[in-house]
>>> print(open('my_file_29.txt').read())   # compact mmCIF, C-alpha atoms and all ligand atoms
# COMPACT_ATOMS: atom_id res chain seq x y z
CA MET A 24 141.97 148.64 122.49
CA ARG A 25 145.52 147.46 121.80
CA GLN A 26 146.46 148.55 118.31
CA HIS A 27 149.40 146.22 117.74
CA VAL A 28 150.11 142.66 118.71
CA ASN A 29 153.36 140.89 117.95
CA PRO A 30 152.45 138.32 115.25
CA LEU A 31 155.60 136.33 116.08
CA SER A 32 154.39 135.69 119.63
CA ARG A 33 153.92 132.02 120.51
CA ASN A 34 150.30 132.88 121.42
CA PHE A 35 149.50 132.53 117.73
CA ASN A 36 151.11 129.12 117.16
CA GLU A 37 147.82 127.42 117.91
CA ILE A 38 145.46 128.11 115.08
CA GLU A 39 141.72 128.16 114.56
CA ARG A 40 140.50 125.34 112.34
CA ILE A 41 138.55 126.75 109.44
CA PRO A 42 135.42 124.75 108.59
CA SER A 43 134.89 123.56 105.00
CA LEU A 44 133.49 126.03 102.45
CA ILE A 45 130.14 124.24 102.55
CA GLU A 46 129.95 124.86 106.31
CA LEU A 47 131.16 128.46 105.98
CA PHE A 48 128.79 129.84 103.40
CA ALA A 49 125.19 129.35 102.22
CA ASP A 50 126.46 128.98 98.64
CA SER A 51 130.02 127.65 98.67
CA LYS A 52 130.29 127.94 94.87
CA LEU A 53 130.33 131.75 94.84
CA ASN A 54 133.60 133.57 94.17
CA LEU A 55 135.65 133.85 97.35
CA HIS A 56 137.64 136.90 98.50
CA LEU A 57 140.07 136.87 101.43
CA ASP A 58 140.95 140.05 103.35
CA ILE A 59 144.09 139.72 105.48
CA GLY A 60 144.26 142.00 108.55
CA CYS A 61 140.57 142.90 108.38
CA ALA A 62 140.46 144.53 111.88
CA ALA A 63 136.79 144.75 113.03
CA GLY A 64 135.64 143.73 109.56
CA GLU A 65 133.50 146.78 108.70
CA PHE A 66 134.86 146.75 105.14
CA LEU A 67 133.83 143.11 104.72
CA PHE A 68 130.38 143.71 106.27
CA ASP A 69 129.84 146.50 103.71
CA LEU A 70 131.08 144.29 100.84
CA ALA A 71 129.07 141.23 101.87
CA PHE A 72 125.89 143.32 102.13
CA VAL A 73 126.22 144.84 98.65
CA ASN A 74 127.79 141.93 96.71
CA THR A 75 125.69 138.91 97.49
CA SER A 76 127.26 137.01 94.60
CA TRP A 77 130.61 136.85 96.45
CA ASN A 78 131.70 135.12 99.65
CA TYR A 79 134.07 137.01 101.96
CA LEU A 80 136.55 135.72 104.51
CA GLY A 81 138.52 137.93 106.91
CA ILE A 82 141.58 136.97 108.96
CA GLU A 83 142.56 139.18 111.89
CA ILE A 84 145.09 138.71 114.67
CA ARG A 85 143.28 140.75 117.34
CA GLU A 86 141.00 138.21 119.00
CA ARG A 87 138.45 140.60 120.52
CA LEU A 88 137.74 142.17 117.13
CA VAL A 89 137.12 138.74 115.60
CA LYS A 90 134.84 137.65 118.47
CA THR A 91 132.69 140.76 118.02
CA ALA A 92 132.63 140.39 114.23
CA LYS A 93 131.61 136.71 114.47
CA LEU A 94 128.78 137.65 116.85
CA LYS A 95 127.55 140.34 114.45
CA VAL A 96 127.55 137.85 111.54
CA ARG A 97 125.44 135.45 113.60
CA GLU A 98 123.01 138.12 114.86
CA ARG A 99 122.48 139.55 111.37
CA GLU A 100 122.31 136.05 109.84
CA ILE A 101 124.81 136.95 107.12
CA LYS A 102 125.51 133.92 104.95
CA ASN A 103 128.37 135.12 102.75
CA LEU A 104 130.83 136.31 105.39
CA TYR A 105 133.15 134.54 107.86
CA PHE A 106 135.93 135.69 110.19
CA VAL A 107 138.95 133.77 111.43
CA PHE A 108 141.18 134.74 114.36
CA GLY A 109 144.95 134.37 114.21
CA ASN A 110 148.17 135.15 112.41
CA ALA A 111 147.31 134.87 108.71
CA ILE A 112 150.76 133.47 107.95
CA ASN A 113 150.38 130.56 110.39
CA ILE A 114 146.79 129.91 109.36
CA LEU A 115 147.42 129.81 105.62
CA ASN A 116 150.62 127.81 106.08
CA ASP A 117 148.65 125.07 107.81
CA ASP A 118 147.73 122.05 105.68
CA HIS A 119 144.12 122.11 106.95
CA SER A 120 143.58 125.61 105.54
CA LYS A 121 145.26 125.04 102.15
CA PHE A 122 141.77 124.78 100.61
CA ILE A 123 141.24 128.49 101.29
CA LEU A 124 144.14 129.57 99.08
CA GLU A 125 143.15 126.96 96.49
CA ASN A 126 139.66 128.46 96.28
CA VAL A 127 140.10 132.22 96.59
CA LYS A 128 139.65 134.42 93.55
CA SER A 129 141.39 137.34 95.23
CA ILE A 130 143.24 138.42 98.37
CA SER A 131 143.58 141.95 99.78
CA PHE A 132 146.17 143.41 102.11
CA ASN A 133 144.69 146.78 103.04
CA PHE A 134 146.89 149.14 105.01
CA PRO A 135 148.86 146.43 106.80
CA ASP A 136 150.88 147.42 109.85
CA PRO A 137 154.08 149.14 108.64
CA TRP A 138 156.40 148.09 111.53
CA PHE A 139 158.74 151.02 110.91
CA LYS A 140 161.81 149.78 112.84
CA LYS A 141 164.09 147.63 110.71
CA LYS A 142 164.43 145.03 113.47
CA HIS A 143 160.63 144.61 113.35
CA TYR A 144 160.34 144.14 109.57
CA LYS A 145 159.97 140.40 110.17
CA ARG A 146 156.63 141.15 111.86
CA ARG A 147 155.24 142.48 108.58
CA VAL A 148 152.52 140.25 107.19
CA ILE A 149 153.92 140.22 103.63
CA GLN A 150 157.10 138.11 103.73
CA PRO A 151 158.83 136.32 100.81
CA ASP A 152 158.05 132.88 102.31
CA PHE A 153 154.40 133.78 102.80
CA ILE A 154 154.12 135.01 99.20
CA ASN A 155 155.64 131.67 98.11
CA ILE A 156 153.04 129.77 100.12
CA ILE A 157 150.30 131.86 98.53
CA SER A 158 151.71 131.48 95.03
CA ASN A 159 152.05 127.69 95.39
CA SER A 160 148.34 127.24 96.15
CA LEU A 161 146.63 130.09 94.31
CA LYS A 162 144.93 129.25 91.00
CA THR A 163 146.16 130.92 87.81
CA GLY A 164 144.28 134.18 87.27
CA SER A 165 143.72 134.84 90.99
CA LEU A 166 144.57 138.33 92.21
CA ILE A 167 146.40 140.03 95.06
CA PHE A 168 145.51 143.64 95.94
CA ILE A 169 147.81 145.72 98.13
CA LYS A 170 147.12 149.22 99.49
CA THR A 171 148.95 151.43 101.98
CA ASP A 172 149.68 155.06 102.78
CA VAL A 173 153.31 154.23 103.72
CA LYS A 174 155.56 154.54 100.65
CA ASP A 175 158.42 152.48 102.15
CA LEU A 176 156.04 149.67 103.00
CA PHE A 177 154.50 149.82 99.53
CA ASP A 178 157.95 149.54 97.92
CA TYR A 179 158.81 146.61 100.17
CA MET A 180 155.52 144.77 99.44
CA ASP A 181 155.76 145.49 95.72
CA PHE A 182 159.36 144.25 95.64
CA THR A 183 158.46 141.08 97.58
CA ILE A 184 155.50 140.15 95.39
CA SER A 185 157.16 141.16 92.10
CA ASN A 186 160.19 139.03 93.01
CA ASN A 187 157.96 135.97 92.90
CA LEU A 188 157.92 134.97 89.24
CA ASN A 189 154.39 133.58 89.54
CA PHE A 190 152.94 137.07 89.91
CA LYS A 191 152.63 139.81 87.34
CA ASN A 192 151.66 143.40 88.05
CA ILE A 193 148.43 144.55 86.37
CA ASP A 194 148.09 148.17 85.29
CA LYS A 195 145.22 149.62 87.36
CA LYS A 196 144.06 151.54 84.29
CA ASP A 197 143.37 148.25 82.50
CA PHE A 198 141.62 146.64 85.45
CA ASN A 199 137.87 146.07 85.32
CA TYR A 200 136.73 146.64 88.92
CA SER A 201 133.10 145.83 88.07
CA LYS A 202 133.93 142.11 88.02
CA SER A 203 136.14 142.22 91.12
CA PHE A 204 135.35 141.55 94.80
CA ASN A 205 134.80 145.30 95.22
CA PRO A 206 132.90 146.61 92.19
CA ASN A 207 131.73 149.75 94.02
CA LYS A 208 135.21 150.60 95.32
CA ILE A 209 134.06 150.57 98.95
CA LYS A 210 136.75 152.00 101.25
CA THR A 211 138.27 150.42 104.34
CA ASN A 212 138.22 152.34 107.64
CA ARG A 213 141.92 153.14 107.41
CA GLU A 214 141.47 154.27 103.81
CA LYS A 215 138.69 156.70 104.82
CA LEU A 216 141.00 158.19 107.46
CA VAL A 217 143.85 158.51 104.97
CA ILE A 218 141.56 160.23 102.45
CA ASP A 219 140.21 162.62 105.14
CA ASN A 220 143.81 163.51 106.00
CA LYS A 221 144.61 164.03 102.30
CA LEU A 222 147.49 161.57 102.42
CA ASP A 223 148.71 159.58 99.41
CA ILE A 224 147.55 156.02 98.81
CA PHE A 225 149.88 153.57 97.08
CA GLU A 226 148.28 150.49 95.58
CA SER A 227 148.93 147.64 93.18
CA ILE A 228 147.23 144.58 91.76
CA TYR A 229 149.03 141.33 90.87
CA ILE A 230 147.77 138.33 88.92
CA LYS A 231 148.95 134.74 89.37
CA ILE A 232 150.29 133.60 86.01
C1 LIG B 301 146.41 149.18 110.16
S1 LIG B 301 145.22 147.92 110.38
C2 LIG B 301 144.26 148.05 108.88
C3 LIG B 301 142.88 147.47 109.05
C4 LIG B 301 142.02 147.41 107.77
N1 LIG B 301 142.58 146.52 106.79
C5 LIG B 301 141.81 148.77 107.17
O1 LIG B 301 142.30 149.02 106.05
O2 LIG B 301 141.13 149.59 107.81
C6 LIG B 301 146.12 146.39 110.11
C7 LIG B 301 145.40 145.19 110.69
O3 LIG B 301 146.11 144.00 110.38
C8 LIG B 301 146.11 143.15 111.53
N2 LIG B 301 147.26 142.23 111.39
C9 LIG B 301 148.58 142.56 111.47
N3 LIG B 301 149.35 141.47 111.27
C10 LIG B 301 148.50 140.43 111.04
C11 LIG B 301 148.70 139.05 110.77
N4 LIG B 301 149.92 138.52 110.69
N5 LIG B 301 147.60 138.26 110.60
C12 LIG B 301 146.35 138.78 110.68
N6 LIG B 301 146.10 140.10 110.95
C13 LIG B 301 147.17 140.91 111.11
C14 LIG B 301 146.21 144.13 112.68
O4 LIG B 301 145.81 143.58 113.92
C15 LIG B 301 145.28 145.25 112.20
O5 LIG B 301 143.95 145.02 112.58
>>> encode(input="my_file_29.txt", output="structure tokens", more="lines below")
Ligand SMILES: C[S@@+](CC[C@H](N)C(=O)[O-])C[C@H]1O[C@@H](n2cnc3c(N)ncnc32)[C@H](O)[C@@H]1O
Amino acid sequence: MRQHVNPLSRNFNEIERIPSLIELFADSKLNLHLDIGCAAGEFLFDLAFVNTSWNYLGIEIRERLVKTAKLKVREREIKNLYFVFGNAINILNDDHSKFILENVKSISFNFPDPWFKKKHYKRRVIQPDFINIISNSLKTGSLIFIKTDVKDLFDYMDFTISNNLNFKNIDKKDFNYSKSFNPNKIKTNREKLVIDNKLDIFESIYIKI
């Protein structure tokens, strides 16, 4: 399985149309969480199974992973989970998908690709323009969660989000996880690997003000 695809490739200019919330979920009024770069979606399958009072949406750029995840959702008849294929930046920048950002309670970026070479930084999913797009549509009080094991990437993401005056950092110590999209602190696949390897995890939470 190819681990990396170039998100700037023209292959991703054409985007998947996301159906309305009523078509996506059995109960479209539930709180909605969006996970960007969800890979095969195991984290979201675990969350959707345990937290039936939330809806979950995953966006992933590797098409085969999304096809398999969509099939699994259908086979298991899961009604609070949906996957979308494509570059999250292009998808969420599209007028037809604006309703997603307008309706999410929270967004997570879990262990996004670091793209270590400076000339490839523009392939990183968190970009100032993308954070602007998010901040323009997100409702006040909505949250962004970031997590990575790469300190440089954390600093870059933290700088990019903190530079947007519509977001304020929340002290993790004051954060009540029980009411969040992940009350049981379920781990992503990458996170489990990082913990097994005893590496550091850098994380932050931001609120739209
Ligand atoms: C290192 S993996 C982490 C997967 C998962 N979040 C975890 O914590 O286990 C990063 C994922 O983000 C996806 N990705 C990278 N850039 C993306 C983009 N612009 N839009 C959507 N997905 C993207 C990659 O294909 C990959 O599956």
>>> closest_atom_pairs(input="my_file_29.txt", of="chain A", to="ligand LIG 301 (chain B)", cutoff="9 Å", atoms="only C-alpha atoms and all ligand atoms", output="JSON lines")
{"residue": "A:Arg25", "atom": "CA", "partner": "B:LIG301", "partner_atom": "O4", "distance": 8.8}
{"residue": "A:Gln26", "atom": "CA", "partner": "B:LIG301", "partner_atom": "O4", "distance": 6.7}
{"residue": "A:His27", "atom": "CA", "partner": "B:LIG301", "partner_atom": "O4", "distance": 5.9}
{"residue": "A:Val28", "atom": "CA", "partner": "B:LIG301", "partner_atom": "O4", "distance": 6.5}
{"residue": "A:Asn29", "atom": "CA", "partner": "B:LIG301", "partner_atom": "N3", "distance": 7.8}
{"residue": "A:Pro30", "atom": "CA", "partner": "B:LIG301", "partner_atom": "N4", "distance": 5.2}
{"residue": "A:Leu31", "atom": "CA", "partner": "B:LIG301", "partner_atom": "N4", "distance": 8.1}
{"residue": "A:Asp58", "atom": "CA", "partner": "B:LIG301", "partner_atom": "N1", "distance": 7.5}
{"residue": "A:Ile59", "atom": "CA", "partner": "B:LIG301", "partner_atom": "C12", "distance": 5.7}
{"residue": "A:Gly60", "atom": "CA", "partner": "B:LIG301", "partner_atom": "O3", "distance": 3.3}
{"residue": "A:Cys61", "atom": "CA", "partner": "B:LIG301", "partner_atom": "N1", "distance": 4.4}
{"residue": "A:Ala62", "atom": "CA", "partner": "B:LIG301", "partner_atom": "O5", "distance": 3.6}
{"residue": "A:Ala63", "atom": "CA", "partner": "B:LIG301", "partner_atom": "O5", "distance": 7.2}
{"residue": "A:Gly64", "atom": "CA", "partner": "B:LIG301", "partner_atom": "C4", "distance": 7.6}
{"residue": "A:Glu65", "atom": "CA", "partner": "B:LIG301", "partner_atom": "O2", "distance": 8.2}
{"residue": "A:Phe66", "atom": "CA", "partner": "B:LIG301", "partner_atom": "O2", "distance": 7.4}
{"residue": "A:Gly81", "atom": "CA", "partner": "B:LIG301", "partner_atom": "C12", "distance": 8.7}
{"residue": "A:Ile82", "atom": "CA", "partner": "B:LIG301", "partner_atom": "C12", "distance": 5.4}
{"residue": "A:Glu83", "atom": "CA", "partner": "B:LIG301", "partner_atom": "N6", "distance": 3.8}
{"residue": "A:Ile84", "atom": "CA", "partner": "B:LIG301", "partner_atom": "N6", "distance": 4.1}
{"residue": "A:Arg85", "atom": "CA", "partner": "B:LIG301", "partner_atom": "O4", "distance": 5.1}
{"residue": "A:Glu86", "atom": "CA", "partner": "B:LIG301", "partner_atom": "O4", "distance": 8.8}
{"residue": "A:Leu88", "atom": "CA", "partner": "B:LIG301", "partner_atom": "O5", "distance": 8.2}
{"residue": "A:Val107", "atom": "CA", "partner": "B:LIG301", "partner_atom": "C12", "distance": 9.0}
{"residue": "A:Phe108", "atom": "CA", "partner": "B:LIG301", "partner_atom": "C12", "distance": 7.5}
{"residue": "A:Gly109", "atom": "CA", "partner": "B:LIG301", "partner_atom": "C12", "distance": 5.8}
{"residue": "A:Asn110", "atom": "CA", "partner": "B:LIG301", "partner_atom": "N5", "distance": 3.6}
{"residue": "A:Ala111", "atom": "CA", "partner": "B:LIG301", "partner_atom": "N5", "distance": 3.9}
{"residue": "A:Ile112", "atom": "CA", "partner": "B:LIG301", "partner_atom": "N4", "distance": 5.8}
{"residue": "A:Asn113", "atom": "CA", "partner": "B:LIG301", "partner_atom": "N4", "distance": 8.0}
{"residue": "A:Ile114", "atom": "CA", "partner": "B:LIG301", "partner_atom": "N5", "distance": 8.5}
{"residue": "A:Ser131", "atom": "CA", "partner": "B:LIG301", "partner_atom": "N1", "distance": 8.4}
{"residue": "A:Phe132", "atom": "CA", "partner": "B:LIG301", "partner_atom": "N1", "distance": 6.7}
{"residue": "A:Asn133", "atom": "CA", "partner": "B:LIG301", "partner_atom": "N1", "distance": 4.3}
{"residue": "A:Phe134", "atom": "CA", "partner": "B:LIG301", "partner_atom": "O1", "distance": 4.7}
{"residue": "A:Pro135", "atom": "CA", "partner": "B:LIG301", "partner_atom": "C6", "distance": 4.3}
{"residue": "A:Asp136", "atom": "CA", "partner": "B:LIG301", "partner_atom": "C1", "distance": 4.8}
{"residue": "A:Pro137", "atom": "CA", "partner": "B:LIG301", "partner_atom": "C1", "distance": 7.8}
{"residue": "A:Arg146", "atom": "CA", "partner": "B:LIG301", "partner_atom": "N4", "distance": 7.3}
{"residue": "A:Arg147", "atom": "CA", "partner": "B:LIG301", "partner_atom": "N3", "distance": 6.6}
{"residue": "A:Val148", "atom": "CA", "partner": "B:LIG301", "partner_atom": "N4", "distance": 4.7}
{"residue": "A:Ile149", "atom": "CA", "partner": "B:LIG301", "partner_atom": "N4", "distance": 8.3}
{"residue": "A:Lys170", "atom": "CA", "partner": "B:LIG301", "partner_atom": "O1", "distance": 8.1}
{"residue": "A:Thr171", "atom": "CA", "partner": "B:LIG301", "partner_atom": "O1", "distance": 8.2}
{"residue": "A:Lys210", "atom": "CA", "partner": "B:LIG301", "partner_atom": "O1", "distance": 7.9}
{"residue": "A:Thr211", "atom": "CA", "partner": "B:LIG301", "partner_atom": "O2", "distance": 4.6}
{"residue": "A:Asn212", "atom": "CA", "partner": "B:LIG301", "partner_atom": "O2", "distance": 4.0}
{"residue": "A:Arg213", "atom": "CA", "partner": "B:LIG301", "partner_atom": "O2", "distance": 3.7}
{"residue": "A:Glu214", "atom": "CA", "partner": "B:LIG301", "partner_atom": "O1", "distance": 5.8}
{"residue": "A:Lys215", "atom": "CA", "partner": "B:LIG301", "partner_atom": "O2", "distance": 8.1}
{"residue": "A:Leu216", "atom": "CA", "partner": "B:LIG301", "partner_atom": "O2", "distance": 8.6}
>>> atom_distance(input="my_file_29.txt", atom1="atom CA of A:Ile193", atom2="atom CA of A:Ala71")
25.0 Å
>>> atom_distance(input="my_file_29.txt", atom1="atom CA of A:Ile38", atom2="atom CA of A:Lys93")
16.3 Å
>>> atom_distance(input="my_file_29.txt", atom1="atom CA of A:Lys195", atom2="atom CA of A:Asn116")
29.2 Å
>>> closest_residue(input="my_file_29.txt", among="A:Leu104, A:Ile228, A:Leu176, A:Val89", to="A:Leu47", atoms="only C-alpha atoms")
A:Leu104
>>> residues_around(input="my_file_29.txt", residues="A:Lys121", least_positions_apart="5", cutoff="10 Å", atoms="only C-alpha atoms", output="number ranges by chain")
A: 114-116, 126, 156-157, 159-161
>>> closest_residue(input="my_file_29.txt", among="A:Phe106, A:Phe190, A:Tyr144, A:Phe177", to="A:Pro42", atoms="all atoms listed in the file")
A:Phe106
>>> closest_residue(input="my_file_29.txt", among="A:Leu222, A:Ile232, A:Val217, A:Leu166", to="A:Asn187", atoms="only C-alpha atoms")
A:Ile232
>>> residues_around(input="my_file_29.txt", residues="A:Asn74", least_positions_apart="4", cutoff="8 Å", atoms="only C-alpha atoms", output="ChimeraX atom specification")
/A:70,204-205
>>> write_last_selection(input="my_file_29.txt", atoms="C-alpha atoms", output="PDB file, in the coordinates of the input")
ATOM      1  CA  LEU A  70     131.080 144.290 100.840  1.00  0.00           C
ATOM      2  CA  PHE A 204     135.350 141.550  94.800  1.00  0.00           C
ATOM      3  CA  ASN A 205     134.800 145.300  95.220  1.00  0.00           C
TER       4      ASN A 205
END
